[in-house]
Every structure is written in structure tokens, then in C-alpha cells.
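Participant: Input structure: model_11.pdb, which contains PDB, C-alpha atoms.
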ATOM      1  CA  MET A   1      14.479  -9.930 -14.531
ATOM      2  CA  ALA A   2      11.855  -8.663 -16.968
ATOM      3  CA  TYR A   3       8.759  -7.300 -15.264
ATOM      4  CA  ARG A   4       5.328  -7.465 -16.826
ATOM      5  CA  PRO A   5       3.470  -4.132 -16.883
ATOM      6  CA  SER A   6       0.137  -3.844 -15.059
ATOM      7  CA  TRP A   7      -1.119  -1.351 -17.631
ATOM      8  CA  GLN A   8       0.042   0.065 -20.959
ATOM      9  CA  GLY A   9      -1.197   3.208 -22.640
ATOM     10  CA  HIS A  10      -0.238   6.864 -23.047
ATOM     11  CA  LEU A  11       0.748   9.726 -20.754
ATOM     12  CA  LYS A  12      -0.707  13.031 -21.912
ATOM     13  CA  LEU A  13       0.146  16.577 -20.838
ATOM     14  CA  SER A  14      -2.002  18.918 -22.914
ATOM     15  CA  LEU A  15      -0.957  18.102 -26.515
ATOM     16  CA  VAL A  16       2.233  16.197 -25.578
ATOM     17  CA  THR A  17       1.705  12.429 -25.532
ATOM     18  CA  CYS A  18       3.995   9.414 -25.151
ATOM     19  CA  PRO A  19       3.525   5.652 -24.733
ATOM     20  CA  VAL A  20       4.058   4.504 -21.126
ATOM     21  CA  ALA A  21       3.892   1.329 -19.058
ATOM     22  CA  LEU A  22       2.792   1.072 -15.431
ATOM     23  CA  TYR A  23       4.502  -1.457 -13.140
ATOM     24  CA  THR A  24       3.632  -2.412  -9.575
ATOM     25  CA  ALA A  25       6.246  -0.952  -7.221
ATOM     26  CA  THR A  26       5.868  -3.606  -4.508
ATOM     27  CA  ASN A  27       6.236  -7.354  -4.165
ATOM     28  CA  ALA A  28       3.566  -9.643  -2.798
ATOM     29  CA  ALA A  29       3.815  -9.858   0.983
ATOM     30  CA  GLY A  30       5.347 -13.120   2.156
ATOM     31  CA  ASP A  31       5.993 -16.360   0.295
ATOM     32  CA  VAL A  32       4.328 -18.797   2.701
ATOM     33  CA  HIS A  33       1.031 -19.835   1.135
ATOM     34  CA  PHE A  34      -1.328 -22.560   2.305
ATOM     35  CA  ASN A  35      -3.713 -24.957   0.542
ATOM     36  CA  LEU A  36      -6.710 -26.657   2.114
ATOM     37  CA  ILE A  37      -5.901 -30.337   2.747
ATOM     38  CA  ASN A  38      -8.060 -33.231   3.907
ATOM     39  CA  PRO A  39      -5.981 -34.587   6.839
ATOM     40  CA  GLU A  40      -7.486 -38.070   6.437
ATOM     41  CA  THR A  41      -6.288 -38.513   2.826
ATOM     42  CA  ASN A  42      -3.616 -35.778   2.579
ATOM     43  CA  ASN A  43      -5.314 -34.650  -0.647
ATOM     44  CA  ARG A  44      -5.685 -31.043  -1.667
ATOM     45  CA  ILE A  45      -9.302 -29.886  -1.685
ATOM     46  CA  LYS A  46     -10.617 -28.580  -5.001
ATOM     47  CA  MET A  47     -13.071 -25.709  -5.036
ATOM     48  CA  ILE A  48     -15.841 -26.559  -7.494
ATOM     49  CA  THR A  49     -18.207 -23.929  -8.912
ATOM     50  CA  THR A  50     -21.718 -25.158  -8.276
ATOM     51  CA  ASP A  51     -25.187 -24.019  -9.301
ATOM     52  CA  PRO A  52     -27.735 -24.841  -6.551
ATOM     53  CA  ASP A  53     -30.207 -26.062  -9.232
ATOM     54  CA  THR A  54     -28.018 -27.834 -11.795
ATOM     55  CA  GLY A  55     -24.887 -28.760  -9.837
ATOM     56  CA  PRO A  56     -21.236 -28.240 -10.933
ATOM     57  CA  ILE A  57     -20.649 -25.774 -13.805
ATOM     58  CA  GLU A  58     -17.540 -24.806 -15.769
ATOM     59  CA  ARG A  59     -16.091 -21.394 -14.894
ATOM     60  CA  SER A  60     -15.687 -20.564 -18.594
ATOM     61  CA  LYS A  61     -19.483 -20.525 -18.957
ATOM     62  CA  LEU A  62     -20.022 -17.985 -16.170
ATOM     63  CA  VAL A  63     -20.816 -14.304 -16.684
ATOM     64  CA  LYS A  64     -20.894 -11.359 -14.266
ATOM     65  CA  GLY A  65     -24.161 -10.212 -12.739
ATOM     66  CA  TYR A  66     -25.229  -7.007 -10.992
ATOM     67  CA  GLU A  67     -27.986  -7.516  -8.396
ATOM     68  CA  VAL A  68     -30.766  -4.971  -8.909
ATOM     69  CA  SER A  69     -33.119  -6.568  -6.364
ATOM     70  CA  LYS A  70     -33.144  -9.704  -4.224
ATOM     71  CA  GLY A  71     -32.309 -12.604  -6.547
ATOM     72  CA  GLU A  72     -32.631 -10.496  -9.726
ATOM     73  CA  TYR A  73     -29.486  -9.783 -11.738
ATOM     74  CA  ILE A  74     -28.509  -7.859 -14.846
ATOM     75  CA  LEU A  75     -26.069 -10.144 -16.692
ATOM     76  CA  LEU A  76     -22.991  -8.720 -18.421
ATOM     77  CA  THR A  77     -20.429 -10.537 -20.550
ATOM     78  CA  ASP A  78     -16.737  -9.628 -20.541
ATOM     79  CA  ASP A  79     -17.111  -8.157 -24.033
ATOM     80  CA  GLU A  80     -19.980  -5.935 -22.893
ATOM     81  CA  ILE A  81     -17.925  -4.681 -19.928
ATOM     82  CA  LYS A  82     -14.952  -3.998 -22.221
ATOM     83  CA  SER A  83     -17.227  -2.030 -24.545
ATOM     84  CA  VAL A  84     -17.458   0.723 -21.901
ATOM     85  CA  LYS A  85     -14.785   3.074 -23.216
ATOM     86  CA  LEU A  86     -13.361   6.035 -21.335
ATOM     87  CA  GLU A  87     -10.367   8.090 -22.415
ATOM     88  CA  SER A  88      -8.651   6.994 -19.190
ATOM     89  CA  THR A  89      -8.891   3.339 -20.320
ATOM     90  CA  LYS A  90      -5.779   3.846 -22.424
ATOM     91  CA  THR A  91      -4.603   7.369 -21.559
ATOM     92  CA  ILE A  92      -3.399   9.046 -18.356
ATOM     93  CA  ASP A  93      -4.471  12.616 -19.076
ATOM     94  CA  ILE A  94      -2.884  14.988 -16.549
ATOM     95  CA  GLU A  95      -5.691  17.283 -15.411
ATOM     96  CA  ARG A  96      -4.257  19.248 -12.489
ATOM     97  CA  PHE A  97      -1.143  20.000 -10.450
ATOM     98  CA  VAL A  98      -1.354  20.295  -6.648
ATOM     99  CA  ALA A  99       1.084  20.726  -3.752
ATOM    100  CA  GLY A 100       2.038  17.402  -2.180
ATOM    101  CA  ASP A 101       0.854  18.394   1.295
ATOM    102  CA  GLU A 102      -2.621  19.096  -0.083
ATOM    103  CA  ILE A 103      -3.314  15.353  -0.315
ATOM    104  CA  ASP A 104      -4.154  13.737   3.033
ATOM    105  CA  ARG A 105      -2.321  10.430   3.658
ATOM    106  CA  LEU A 106      -5.693   8.708   4.047
ATOM    107  CA  TYR A 107      -6.162   9.011   0.305
ATOM    108  CA  TRP A 108      -2.829   7.530  -0.860
ATOM    109  CA  ASP A 109      -3.303   3.935  -2.022
ATOM    110  CA  ASN A 110      -1.040   1.607  -4.056
ATOM    111  CA  PRO A 111       2.356   2.628  -5.561
ATOM    112  CA  TYR A 112       3.433   2.021  -9.155
ATOM    113  CA  TYR A 113       6.375   2.929 -11.364
ATOM    114  CA  LEU A 114       5.612   4.699 -14.638
ATOM    115  CA  ALA A 115       8.203   4.373 -17.398
ATOM    116  CA  PRO A 116       8.394   5.171 -21.134
ATOM    117  CA  ASP A 117       7.208   2.269 -23.283
ATOM    118  CA  GLY A 118       9.768   1.934 -26.069
ATOM    119  CA  LYS A 119      12.647   4.054 -27.391
ATOM    120  CA  MET A 120      10.393   6.413 -29.343
ATOM    121  CA  ALA A 121       8.730   7.497 -26.081
ATOM    122  CA  GLN A 122      11.956   8.517 -24.308
ATOM    123  CA  GLU A 123      12.140  12.150 -25.445
ATOM    124  CA  ALA A 124       8.513  13.130 -24.767
ATOM    125  CA  PHE A 125       8.579  11.264 -21.452
ATOM    126  CA  GLY A 126      11.737  13.128 -20.429
ATOM    127  CA  VAL A 127      10.156  16.489 -21.267
ATOM    128  CA  ILE A 128       7.025  15.758 -19.194
ATOM    129  CA  ARG A 129       8.986  14.286 -16.288
ATOM    130  CA  THR A 130      11.484  17.171 -16.119
ATOM    131  CA  ALA A 131       8.748  19.806 -16.323
ATOM    132  CA  MET A 132       6.934  18.046 -13.467
ATOM    133  CA  GLU A 133      10.139  17.993 -11.412
ATOM    134  CA  LYS A 134      10.704  21.717 -11.909
ATOM    135  CA  SER A 135       7.121  22.490 -10.876
ATOM    136  CA  GLY A 136       7.676  20.761  -7.510
ATOM    137  CA  GLN A 137       4.063  19.621  -7.518
ATOM    138  CA  ILE A 138       2.010  16.427  -7.779
ATOM    139  CA  ALA A 139       0.284  15.750 -11.111
ATOM    140  CA  LEU A 140      -3.223  14.288 -10.992
ATOM    141  CA  GLY A 141      -4.750  12.217 -13.787
ATOM    142  CA  ARG A 142      -7.163   9.335 -14.237
ATOM    143  CA  ILE A 143      -6.676   5.709 -15.200
ATOM    144  CA  VAL A 144      -8.962   2.691 -15.649
ATOM    145  CA  MET A 145      -7.603  -0.368 -13.801
ATOM    146  CA  ALA A 146      -9.496  -3.578 -13.027
ATOM    147  CA  THR A 147     -12.741  -2.151 -14.444
ATOM    148  CA  ARG A 148     -12.547   0.924 -12.208
ATOM    149  CA  GLU A 149     -11.502   4.477 -12.954
ATOM    150  CA  ARG A 150      -8.962   5.637 -10.405
ATOM    151  CA  ILE A 151      -7.306   8.968  -9.666
ATOM    152  CA  LEU A 152      -3.554   8.720 -10.228
ATOM    153  CA  ALA A 153      -0.992  10.947  -8.480
ATOM    154  CA  LEU A 154       2.324  11.305 -10.344
ATOM    155  CA  GLU A 155       5.690  12.668  -9.230
ATOM    156  CA  PRO A 156       9.285  12.276 -10.511
ATOM    157  CA  ARG A 157      11.322   9.488  -8.889
ATOM    158  CA  GLY A 158      14.834   8.873 -10.141
ATOM    159  CA  LYS A 159      14.756   8.726 -13.944
ATOM    160  CA  GLY A 160      11.097   7.762 -14.000
ATOM    161  CA  ILE A 161       7.802   8.677 -12.370
ATOM    162  CA  LEU A 162       6.278   7.318  -9.173
ATOM    163  CA  ALA A 163       2.505   6.874  -9.447
ATOM    164  CA  TYR A 164       0.046   6.326  -6.616
ATOM    165  CA  THR A 165      -3.604   5.454  -7.006
ATOM    166  CA  ILE A 166      -5.666   7.869  -4.898
ATOM    167  CA  ARG A 167      -8.814   6.829  -3.064
ATOM    168  CA  THR A 168     -12.000   8.758  -3.733
ATOM    169  CA  ASP A 169     -13.820  10.606  -0.974
ATOM    170  CA  ALA A 170     -16.515   7.907  -0.944
ATOM    171  CA  GLU A 171     -13.885   5.252  -0.121
ATOM    172  CA  VAL A 172     -12.547   7.030   2.964
ATOM    173  CA  ARG A 173     -14.447   6.787   6.237
ATOM    174  CA  LYS A 174     -14.886   9.985   8.207
ATOM    175  CA  PRO A 175     -12.634   9.976  11.317
ATOM    176  CA  ASP A 176     -15.478  11.070  13.588
ATOM    177  CA  GLU A 177     -17.245   7.779  12.861
ATOM    178  CA  ILE A 178     -14.452   6.042  14.790
ATOM    179  CA  PHE A 179     -12.995   8.765  17.037
ATOM    180  CA  ALA A 180     -16.249  10.235  18.383
ATOM    181  CA  GLY A 181     -16.140   8.045  21.512
ATOM    182  CA  ILE A 182     -12.615   9.117  22.555
ATOM    183  CA  SER A 183     -12.605  11.111  25.793
ATOM    184  CA  ASP A 184     -11.983  14.867  25.716
ATOM    185  CA  VAL A 185     -10.194  14.740  29.091
ATOM    186  CA  LYS A 186      -6.629  16.054  28.768
ATOM    187  CA  ALA A 187      -3.806  13.623  29.525
ATOM    188  CA  ASP A 188      -1.605  14.169  32.599
ATOM    189  CA  ALA A 189       1.196  16.663  31.788
ATOM    190  CA  GLY A 190       3.799  14.694  33.764
ATOM    191  CA  MET A 191       3.005  11.487  31.915
ATOM    192  CA  ILE A 192       3.157  13.298  28.578
ATOM    193  CA  ALA A 193       6.617  14.661  29.452
ATOM    194  CA  ILE A 194       7.920  11.148  30.181
ATOM    195  CA  ALA A 195       6.320   9.797  26.989
ATOM    196  CA  GLU A 196       8.056  12.565  25.012
ATOM    197  CA  LYS A 197      11.430  11.495  26.447
ATOM    198  CA  ILE A 198      10.713   7.887  25.463
ATOM    199  CA  ILE A 199       9.976   9.073  21.925
ATOM    200  CA  GLU A 200      13.292  10.965  21.847
ATOM    201  CA  GLN A 201      15.119   7.788  22.886
ATOM    202  CA  GLN A 202      13.611   5.907  19.954
ATOM    203  CA  GLU A 203      14.164   8.557  17.272
ATOM    204  CA  GLY A 204      16.188   7.603  14.212
ATOM    205  CA  PRO A 205      16.145   7.477  10.412
ATOM    206  CA  PHE A 206      13.720   5.213   8.584
ATOM    207  CA  ASP A 207      15.512   1.990   7.637
ATOM    208  CA  PRO A 208      13.049  -0.480   6.051
ATOM    209  CA  SER A 209      15.584  -3.312   6.404
ATOM    210  CA  GLN A 210      14.893  -3.256  10.174
ATOM    211  CA  PHE A 211      11.231  -3.998   9.638
ATOM    212  CA  VAL A 212      11.114  -7.667   8.671
ATOM    213  CA  ASP A 213       8.050  -9.911   8.770
ATOM    214  CA  ARG A 214       8.747 -11.839  11.981
ATOM    215  CA  TYR A 215       5.477 -13.762  11.647
ATOM    216  CA  GLU A 216       6.516 -15.016   8.194
ATOM    217  CA  LYS A 217       9.868 -16.177   9.632
ATOM    218  CA  ALA A 218       8.122 -17.907  12.531
ATOM    219  CA  LEU A 219       5.853 -19.740  10.080
ATOM    220  CA  LYS A 220       8.883 -20.922   8.074
ATOM    221  CA  ASP A 221      10.580 -22.113  11.287
ATOM    222  CA  LEU A 222       7.396 -23.971  12.240
ATOM    223  CA  ILE A 223       7.261 -25.663   8.832
ATOM    224  CA  GLU A 224      10.926 -26.702   9.097
ATOM    225  CA  GLU A 225      10.330 -28.206  12.541
ATOM    226  CA  LYS A 226       7.331 -30.153  11.238
ATOM    227  CA  LYS A 227       9.402 -31.400   8.263
ATOM    228  CA  LYS A 228      11.955 -32.773  10.745
ATOM    229  CA  GLY A 229       9.187 -34.478  12.695
ATOM    230  CA  HIS A 230       9.614 -32.223  15.709
ATOM    231  CA  LYS A 231       6.720 -31.032  17.805
ATOM    232  CA  PRO A 232       6.639 -27.226  17.793
ATOM    233  CA  ALA A 233       7.238 -25.487  21.110
ATOM    234  CA  VAL A 234       4.269 -23.672  22.625
ATOM    235  CA  VAL A 235       5.022 -19.970  23.023
ATOM    236  CA  ALA A 236       3.234 -18.185  25.843
ATOM    237  CA  GLU A 237       1.348 -15.007  25.020
ATOM    238  CA  PRO A 238       3.101 -11.872  26.351
ATOM    239  CA  ASP A 239       1.313 -10.299  29.303
ATOM    240  CA  ASN A 240       1.521  -6.659  28.309
ATOM    241  CA  THR A 241      -2.122  -5.628  28.201
ATOM    242  CA  ASN A 242      -2.882  -5.188  31.893
ATOM    243  CA  VAL A 243      -1.309  -1.834  32.782
ATOM    244  CA  ILE A 244      -2.277  -1.134  36.387
ATOM    245  CA  ASP A 245      -0.023   1.862  37.030
ATOM    246  CA  LEU A 246       0.455   3.939  33.878
ATOM    247  CA  MET A 247       3.037   6.251  35.487
ATOM    248  CA  ALA A 248       5.104   3.251  36.659
ATOM    249  CA  ALA A 249       4.950   1.735  33.169
ATOM    250  CA  LEU A 250       6.114   5.013  31.613
ATOM    251  CA  LYS A 251       9.025   5.337  34.065
ATOM    252  CA  ALA A 252      10.051   1.722  33.478
ATOM    253  CA  SER A 253       9.999   2.349  29.720
ATOM    254  CA  LEU A 254      12.177   5.429  30.149
ATOM    255  CA  GLU A 255      14.702   3.352  32.089
ATOM    256  CA  GLY A 256      15.063   0.999  29.111
ATOM    257  CA  LYS A 257      12.905  -1.866  30.328
ATOM    258  CA  ASN A 258      10.716  -1.671  27.254
ATOM    259  CA  LYS A 259      12.118  -3.655  24.329
ATOM    260  CA  GLY A 260      11.891  -2.247  20.813
ATOM    261  CA  PHE A 261      14.039  -0.951  17.984
ATOM    262  CA  ALA A 262      17.319   0.338  19.340
ATOM    263  CA  LYS A 263      18.175   3.939  18.567
ATOM    264  CA  PRO A 264      20.793   3.907  15.770
ATOM    265  CA  THR A 265      24.232   5.230  16.652
ATOM    266  CA  GLY A 266      27.310   6.283  14.693
ATOM    267  CA  LYS A 267      27.180   5.593  10.976
ATOM    268  CA  ALA A 268      23.820   3.855  11.227
ATOM    269  CA  ALA A 269      22.232   7.006  12.641
ATOM    270  CA  ALA A 270      23.731   9.174   9.925
ATOM    271  CA  LYS A 271      22.694   6.903   7.082
ATOM    272  CA  PRO A 272      19.669   8.348   5.262
ATOM    273  CA  ALA A 273      17.010   6.008   3.962
ATOM    274  CA  ALA A 274      17.272   5.329   0.238
ATOM    275  CA  LYS A 275      14.785   7.407  -1.704
ATOM    276  CA  ASP A 276      13.334   4.468  -3.578
ATOM    277  CA  GLU A 277      12.561   2.706  -0.298
ATOM    278  CA  LYS A 278      10.124   5.280   1.062
ATOM    279  CA  PRO A 279       6.572   3.939   1.503
ATOM    280  CA  ALA A 280       4.882   7.226   0.629
ATOM    281  CA  PRO A 281       5.835   9.631  -2.135
ATOM    282  CA  LYS A 282       8.021  12.546  -1.216
ATOM    283  CA  LYS A 283       9.067  15.582  -3.219
ATOM    284  CA  GLU A 284      12.544  16.053  -4.615
ATOM    285  CA  ALA A 285      14.916  18.391  -2.780
ATOM    286  CA  ALA A 286      13.227  21.552  -4.028
ATOM    287  CA  ALA A 287       9.766  20.509  -2.851
ATOM    288  CA  LYS A 288       8.107  21.108   0.483
ATOM    289  CA  PRO A 289       8.032  18.172   2.951
ATOM    290  CA  ARG A 290       4.695  16.411   2.881
ATOM    291  CA  ALA A 291       3.178  17.447   6.190
ATOM    292  CA  ARG A 292      -0.158  15.689   6.243
ATOM    293  CA  LYS A 293      -3.365  17.250   7.426
ATOM    294  CA  THR A 294      -4.813  15.701  10.520
ATOM    295  CA  ALA A 295      -8.473  14.965  10.598
TER     296      ALA A 295
END
Translate this structure into C-alpha cells?
Facilitator:
Amino acid sequence: MAYRPSWQGHLKLSLVTCPVALYTATNAAGDVHFNLINPETNNRIKMITTDPDTGPIERSKLVKGYEVSKGEYILLTDDEIKSVKLESTKTIDIERFVAGDEIDRLYWDNPYYLAPDGKMAQEAFGVIRTAMEKSGQIALGRIVMATRERILALEPRGKGILAYTIRTDAEVRKPDEIFAGISDVKADAGMIAIAEKIIEQQEGPFDPSQFVDRYEKALKDLIEEKKKGHKPAVVAEPDNTNVIDLMAALKASLEGKNKGFAKPTGKAAAKPAAKDEKPAPKKEAAAKPRARKTA
């Protein structure tokens, strides 16, 4: 299957440059999509662009507007927006190399694969990629995607390069804004000890094949039942929110009464997760493990 690149341009390390293509590394979540239907006619509802003064208007005639004050907009055409040129519009210029554990997980965003674009790019791409691998560090550059300049983190992955967009500081909320109301009272040592044993029982390698979208499957089952003319069964909500005795709940969990992912045994426990299946970038064997900073 031929994949369409999300972005095409050049990768630049000092004076070494090569054409590259950026591909999304993930698939869209789920394949159950809904349309709005009028149940009286069974017709799909069409969304019509409407001007409150003149009525319906064709989308092709619309332009983008930036609101400078209430009801007042600066209008920009697509050509005017495209006229804003930055070097990062068509070039990923590597600016800095940092240790992987210097980047907090809060800042990692969407993953992409970066590959050479054409046979002529293979040699220069290989030189840059191999040099990056030997450095054992993350390369940082910039890229313009969807009219925004983003920081891009690059690291070798297989024969290519794994790229992650990195959020800016302004995009990340400060933890204290959310965590400030959490009590400073220390948890009971006995309860912590039991919780630690529960964690040990559930330890195992990361196997993404175990984590399937059960909600997506349930939706498909519901649709199949409706197609057959069956009335879907009503599933009662689980009553697991009213914990009266925390110690009793912990002990019951330790005894195996709490359902969850079973701890892998035998070959399953020894099987390492495939490198390309990891959700966050990780260094090659020579690099340090990415121990994230806690806020």
C-alpha cells in the first residue's frame, strides 16, 4: 500500500541536506463513523454554510478571518496565508541535540516517520541518520505544518527516523493548576504495601495487541444486532465507585478478585514488545532509558 506523505521538504544538518518525506505513524482510531439522520425520513442531514444576513453561501467563496475586536475581523485569503514564508516551511533544519530524558513526556505530541524522498536522497539521509544514532541523542528542528510552526524531535528508528512534534511551553498547562487541591496527608503505609504487591502481580512487558478498543467492538456488535432486527440488551453499569472500606478493597484485589490484564507467563512474559510498536520514542541500545521528569 502506497502511503501519501503529510509533508515533503528537506532535512538539513549544517551544510548537509537531503529531500525527505514525513508520514503519519498512526492510523485513525476506529472505523465506526456516524452521520446525522432525520429519523422521520431516514435522510442524511446536510450541513449548509449560512450567512445570517444573506442566507446560504458556497464554501468556495469563504475566506479566513482573525477577530481583532467583537465582530471586527481581518480577512486573509489562502494565498495571503501561503505568502508567509519561513525556512521551516520546506526545511527541517536541525538546531540542537539533547538527551532523551531532558524532554518531559508532557511535551511529546504526534508521531511521524521520516524517510528519504527519492533515490538521490538515500546517501545523505543515511549519513545524517547514522551520525544521529551514534550520538545517542534527540535532534530538535522546526517544521511548518497546518499553518503552524512546530518543534520536531528526531531519533533513528529502524532504517529511518522517528519524528515527534513537540508541544511548546505555552501549550502545556502547569501541573499545580490541577494538582494544587490534592491533600498533603501521607497515605497509610500498610495500604501502600498491599498496593505495591498488587502492582507486582500485574507487572509484565508492554504488548499493544492486548489493548484493543472494546468500545469500538461493542458498537459494531450493537450495529450487527440492529441490522438483524434484534433489540440490544441493556447492560448495567458496574458498581465500582463506592469504596467504603479501602483496606478491604485492597486485600480483595490482592487475592485476585479484581479483574484486569493477567500477568503474562512463560513465553508471553519473555517476549519483548516490538520496537516499532512503542507509543513514545525510545533510544537505541546505546542510549539511556527515557526516565521522565515528574512535575
Participant: Take atom CA of A:Leu140 and atom CA of A:Thr165 and report the distance between them in Å, one decimal.
Facilitator: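 Atom-to-atom, atom CA of A:Leu140 to atom CA of A:Thr165, that is 9.7 Å.
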Participant: Starting from the displayed file, determine the output of the PyMOL selection byres ((chain A and resi 139) around 7) and express the residue list as a PyMOL selection string.
Facilitator: chain A and resi 94+96-98+137-138+140-141+153-155
Participant: Go through A:Ile103, A:Leu254, A:Ile143, A:Val68 one by one, measure the shortest atom-to-atom distance of each to A:Glu196 using only C-alpha atoms, and give the residue with the smallest value.
Facilitator: A:Leu254
Participant: Show me, as a list in words, the residues that have an atom within 12 Å of stretch 44-46 of chain A when counting only C-alpha atoms, minus same-chain residues fewer than 5 positions from it.
Facilitator: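 Non-adjacent residues within range: Phe34, Asn35, Leu36, Ile37, Asn38 and Pro39 of chain A.
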Participant: Which residues, named as in the file, does the PyMOL selection byres ((chain A and resi 216-219) around 12) pick out? Answer as a VMD selection string.
Facilitator: chain A and resid 29 to 34 212 to 215 220 to 226 232 to 233 235
Participant: Tell me, in Å to one decimal, how far atom CA of A:Lys82 is from atom CA of A:Ala146.
Facilitator: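 Computing the Euclidean distance for atom CA of A:Lys82 and atom CA of A:Ala146 yields 10.7 Å.
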Participant: Starting from the PyMOL selection byres ((chain A and resi 129) around 9), expand the selection into actual residues of this file and give them as a list in words.
Facilitator: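 Checking the PyMOL selection byres ((chain A and resi 129) around 9) against this file, the residues are Ala124, Phe125, Gly126, Val127, Ile128, Thr130, Ala131, Met132, Glu133, Lys134, Glu155, Pro156, Lys159, Gly160 and Ile161 of chain A.
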Participant: Report the distance between atom CA of A:Tyr113 and atom CA of A:Leu162 in Å, rounded to one decimal place.
Facilitator: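 Value for the atom CA of A:Tyr113-atom CA of A:Leu162 distance: 4.9 Å.
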Participant: May I ask which of the residues A:Thr54, A:Gln122, A:Thr89, A:Thr168 is the closest one to A:Gly9, counting all atoms listed in the file?
Facilitator: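 Once distances to A:Gly9 are computed over all atoms listed in the file, the minimum belongs to A:Thr89.
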Participant: Each side padded by 8 Å, which centre and which edge lengths in Å (one decimal) define the axis-aligned box around the listed atoms of stretch 6-12 of chain A? Give them as JSON.
Facilitator:
{"center_x": -0.2, "center_y": 4.6, "center_z": -19.1, "size_x": 17.9, "size_y": 32.9, "size_z": 24.0}
Participant: So, counting only C-alpha atoms, which residue among A:Gly256, A:Pro175, A:Gly181, A:Pro5 is closest to A:Leu106?
Facilitator: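 Under the stated criterion, the closest residue is A:Pro175.
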Participant: Can you pull out the residues contacting stretch 12-28 of chain A? Cut-off 9 Å, using only C-alpha atoms, and skip same-chain residues under 6 positions away; I want them as a PyMOL selection string.
Facilitator: chain A and resi 3-6+91-95+110-118+120-125+128+162-163
Participant: Please identify all polymer residues within 12 Å of A:Asp51, counting all atoms listed in the file, omitting same-chain residues fewer than 5 positions from it, and present them as a list in words.
Facilitator: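 Result of the neighbour search: Pro56, Ile57, Glu58, Arg59, Lys61 and Leu62 of chain A.
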